[in-house]
Amino acid sequence: MRVFLSAILLLLLWSQCYAGETQAPVVHPLTHDDVEAYFDGFFPDALTRADIAGAVVVVVKDGRIVLEKGYGYANMASRQPVDPQKTLFRPGSVSKLFIWTAVMQLVEQHKLDLDGDVNSYLDFRIPAAFGKPITLRHLMTHTAGFEEHLKSIMVYDPRRLQSLRAMLADRTPKRIFPPGEISAYSNYGACLAAYIVQRVSGEDFNHYVAQHIFAPLQMTRATFVQPLSTKHSSDLAQSYILASDPPKPSELYNLGPSGGSYATGEDMAHFMIAHLNGGSYGGASILRPETATLMHQTAFQPAPPLPGMALGFYHEDRNGISIIGHGGDTIYFHSDLHLILDRNVGLFVSLNSAGNDPNLTESLRPFLLDHFLGRYFPAPGPLPAVALRSAPSDARQVAGFYEVSRRSDSNFLSIARFLLPVIVVANSDGSLEFPTFSAVGVIGRWIEIAPFVWRQPHGDYRVAARMENGHVKFLSSDMFPPVLLLLPVSFWRSFAFVLPVVIGSLLILSLAVLLWPIKAILRWRYARPLALGRRDAMLYRGTRIVALLFCVTFGAWFWFVLAGRADLALFDTASDAFIRSLQGLSVIAMIAALIPMMAFLTALRDRQRPWWTKVTDGLIVIASLVLSGFLIDYHFLTLSLNY
């Protein structure tokens, strides 16, 4: 989820680069020399500034490789350069394209039905929900309705790897949306399709892909087998946060089909050529032309006229041409694949470092695509946006608070919805603004150019609202892939209300804890004993202990969520005992909240007690109740450890 949320900010920022361009575009020839000169002028400086170790870039056109080149290093210590024919990168979620290709192979063999209930292919059952079954089409368009699931998806120790079936059968996420209605990116859903391929074909998924995709396409080094064999491990690009720091251990994925492949730049070149060439490469065919065409066509379009989802690929059409693609991110590797269908051109890029600035690192790839298109397939600059007469009233209907569709609802990870709050503001002239994004220097002003479709005044990117019965069902934008939607949320459930209340409550309790020893020292210094009876003194001290207990509990929860999102290996069964400890601590704090309630009631009956101490005791009670409600409402206290 981090990648897709960051993409909202980044693409907004990049879109400003195009404001005010009016000169006629210059078209460059897409030749080896021109492309190489372009990337030679881009990558060395970009990698140095971002402190990224290495990158590989591949461009194909009309069935041949125009350019495949490595930049920087696969191994900083040995100064091993990136070799596009030899160095293995981790394409991350680009791996899903192999799942979807395998599914379509079995569809054209009439072994799979895109619109049949997936339970008919499984040896376990996806629980019923919303009165509708899940289909392969739902899985391929990420509209199955699964909530986000992170537990055990990434490990470092090969002994922690589990079978695909175990991960799917034992860790089925809750379904939070009706199938076919809301797109919410799902690694689980993709692996469910991979397991169906395995079940129906009778072959292990890794073996199936190796035999039916990698071998015919001469992708000689590509593999899903984790960890790599000793033979190929020396060719794997090292994993870095910063190129200037030591490398990190190699990531291993329990949901391997969704993001665990290894491939060279040349391997990915062959795969792109096959999809651009109707499923064929070098005389071998992995798909029939009509199957490839079906796979590339729009299969789900959440908010026309914005691009939608193809079968596995997402559409990212721009400059008047049809483009499909997919991004992929592990903790350390960051990749993008784009197929410019109308021009028979493919572009793949992968980085082996997170870099010193996540915004800069993640911006390299979409920035690269935008400027690649602007150089070789430019379009005239957009005309200034002219607002509709209905703009003011339409903007008022859309204004409000939103949260992303890719999220968890039934466990403590539901707190992640507050990590990127989204607010839409309606201006008096009918334009929209996203003030949440002002921290990265984005003005975020949008003009309504069609009913419930907004565009930047001098840019290409759009935002569209899907309306139902006069209310917003969701917002979509071509700033980010159509596997992510923004769903409206009431003020009382929004970050604007919940976060200040929670933070304010923690501040009240923190001050109570902090002032406790300070007041004790002052009383000792001036020989002023605590003017409370024994019982009241016990309640006074107990109240401060409860406040401390809540502060420690929330601090530990917040640390665990943030640390786990930075390193997914923390979200594993090894942390179950820690989670249970936090849940136990939470329950103790909630029960102990009776103590400040008793202290407050006692203070109210005591006419000798100063009014400000009564107010303080009352605020501590309110803060304790607020935090207790938050723990319950956001599912920190669950019997299940599936998250």
# chains A, B, ... in the order shown; residues from 1 in each chain; ligands from 1
>>> select_by_dssp(residues="segment 106-243 of chain A", states="strand (DSSP E or B)", output="list in words")
Asp117, Thr135, Phe146, Met154, Val155, Arg175, Thr223, Leu236, Ser239 and Tyr240 of chain A
>>> residues_around(residues="Val59 of chain A", least_positions_apart="2", cutoff="9 Å", atoms="only C-alpha atoms", output="list in words")
His32, Val35, Val57, Lys61, Arg64, Ile65, Val66, Leu67, Glu68, Ala269, Val345, Gly346, Leu347, Phe348 and Val349 of chain A
>>> closest_residue(among="A:Phe571, A:Tyr253, A:Tyr634, A:Tyr314", to="Phe412 of chain A", atoms="only C-alpha atoms")
A:Tyr634
>>> closest_atom_pairs(of="segment 273-360 of chain A", to="segment 445-465 of chain A", cutoff="8 Å", atoms="only C-alpha atoms", output="tab-separated table")
residue	atom	partner	partner_atom	distance
A:Ala303	CA	A:Ala464	CA	6.3
A:Pro304	CA	A:Ala464	CA	7.7
A:Leu306	CA	A:Ala464	CA	7.3
>>> closest_atom_pairs(of="segment 591-642 of chain A", to="segment 544-548 of chain A", cutoff="12 Å", atoms="only C-alpha atoms", output="Markdown table")
| residue | atom | partner | partner_atom | distance |
| --- | --- | --- | --- | --- |
| A:Ile591 | CA | A:Val546 | CA | 9.5 |
| A:Ala592 | CA | A:Val546 | CA | 6.2 |
| A:Ala593 | CA | A:Val546 | CA | 6.5 |
| A:Leu594 | CA | A:Val546 | CA | 9.3 |
| A:Ile595 | CA | A:Val546 | CA | 7.7 |
| A:Pro596 | CA | A:Val546 | CA | 7.7 |
| A:Met597 | CA | A:Val546 | CA | 10.9 |
| A:Ala599 | CA | A:Arg544 | CA | 10.7 |
| A:Thr616 | CA | A:Arg544 | CA | 11.4 |
| A:Asp617 | CA | A:Arg544 | CA | 10.1 |
| A:Leu619 | CA | A:Ala547 | CA | 11.2 |
| A:Ile620 | CA | A:Ala547 | CA | 7.6 |
| A:Val621 | CA | A:Ala547 | CA | 9.5 |
| A:Ile622 | CA | A:Ala547 | CA | 11.4 |
| A:Ala623 | CA | A:Ala547 | CA | 8.9 |
| A:Ser624 | CA | A:Ala547 | CA | 7.5 |
| A:Leu625 | CA | A:Ala547 | CA | 11.3 |
| A:Leu627 | CA | A:Ala547 | CA | 10.6 |
| A:Ser628 | CA | A:Ala547 | CA | 11.8 |
>>> closest_residue(among="A:Gln608, A:Ser244, A:Asn319, A:Gln583", to="Thr48 of chain A", atoms="only C-alpha atoms")
A:Ser244
>>> atom_distance(atom1="atom CA of Leu88 of chain A", atom2="atom CA of Ser350 of chain A")
10.2 Å
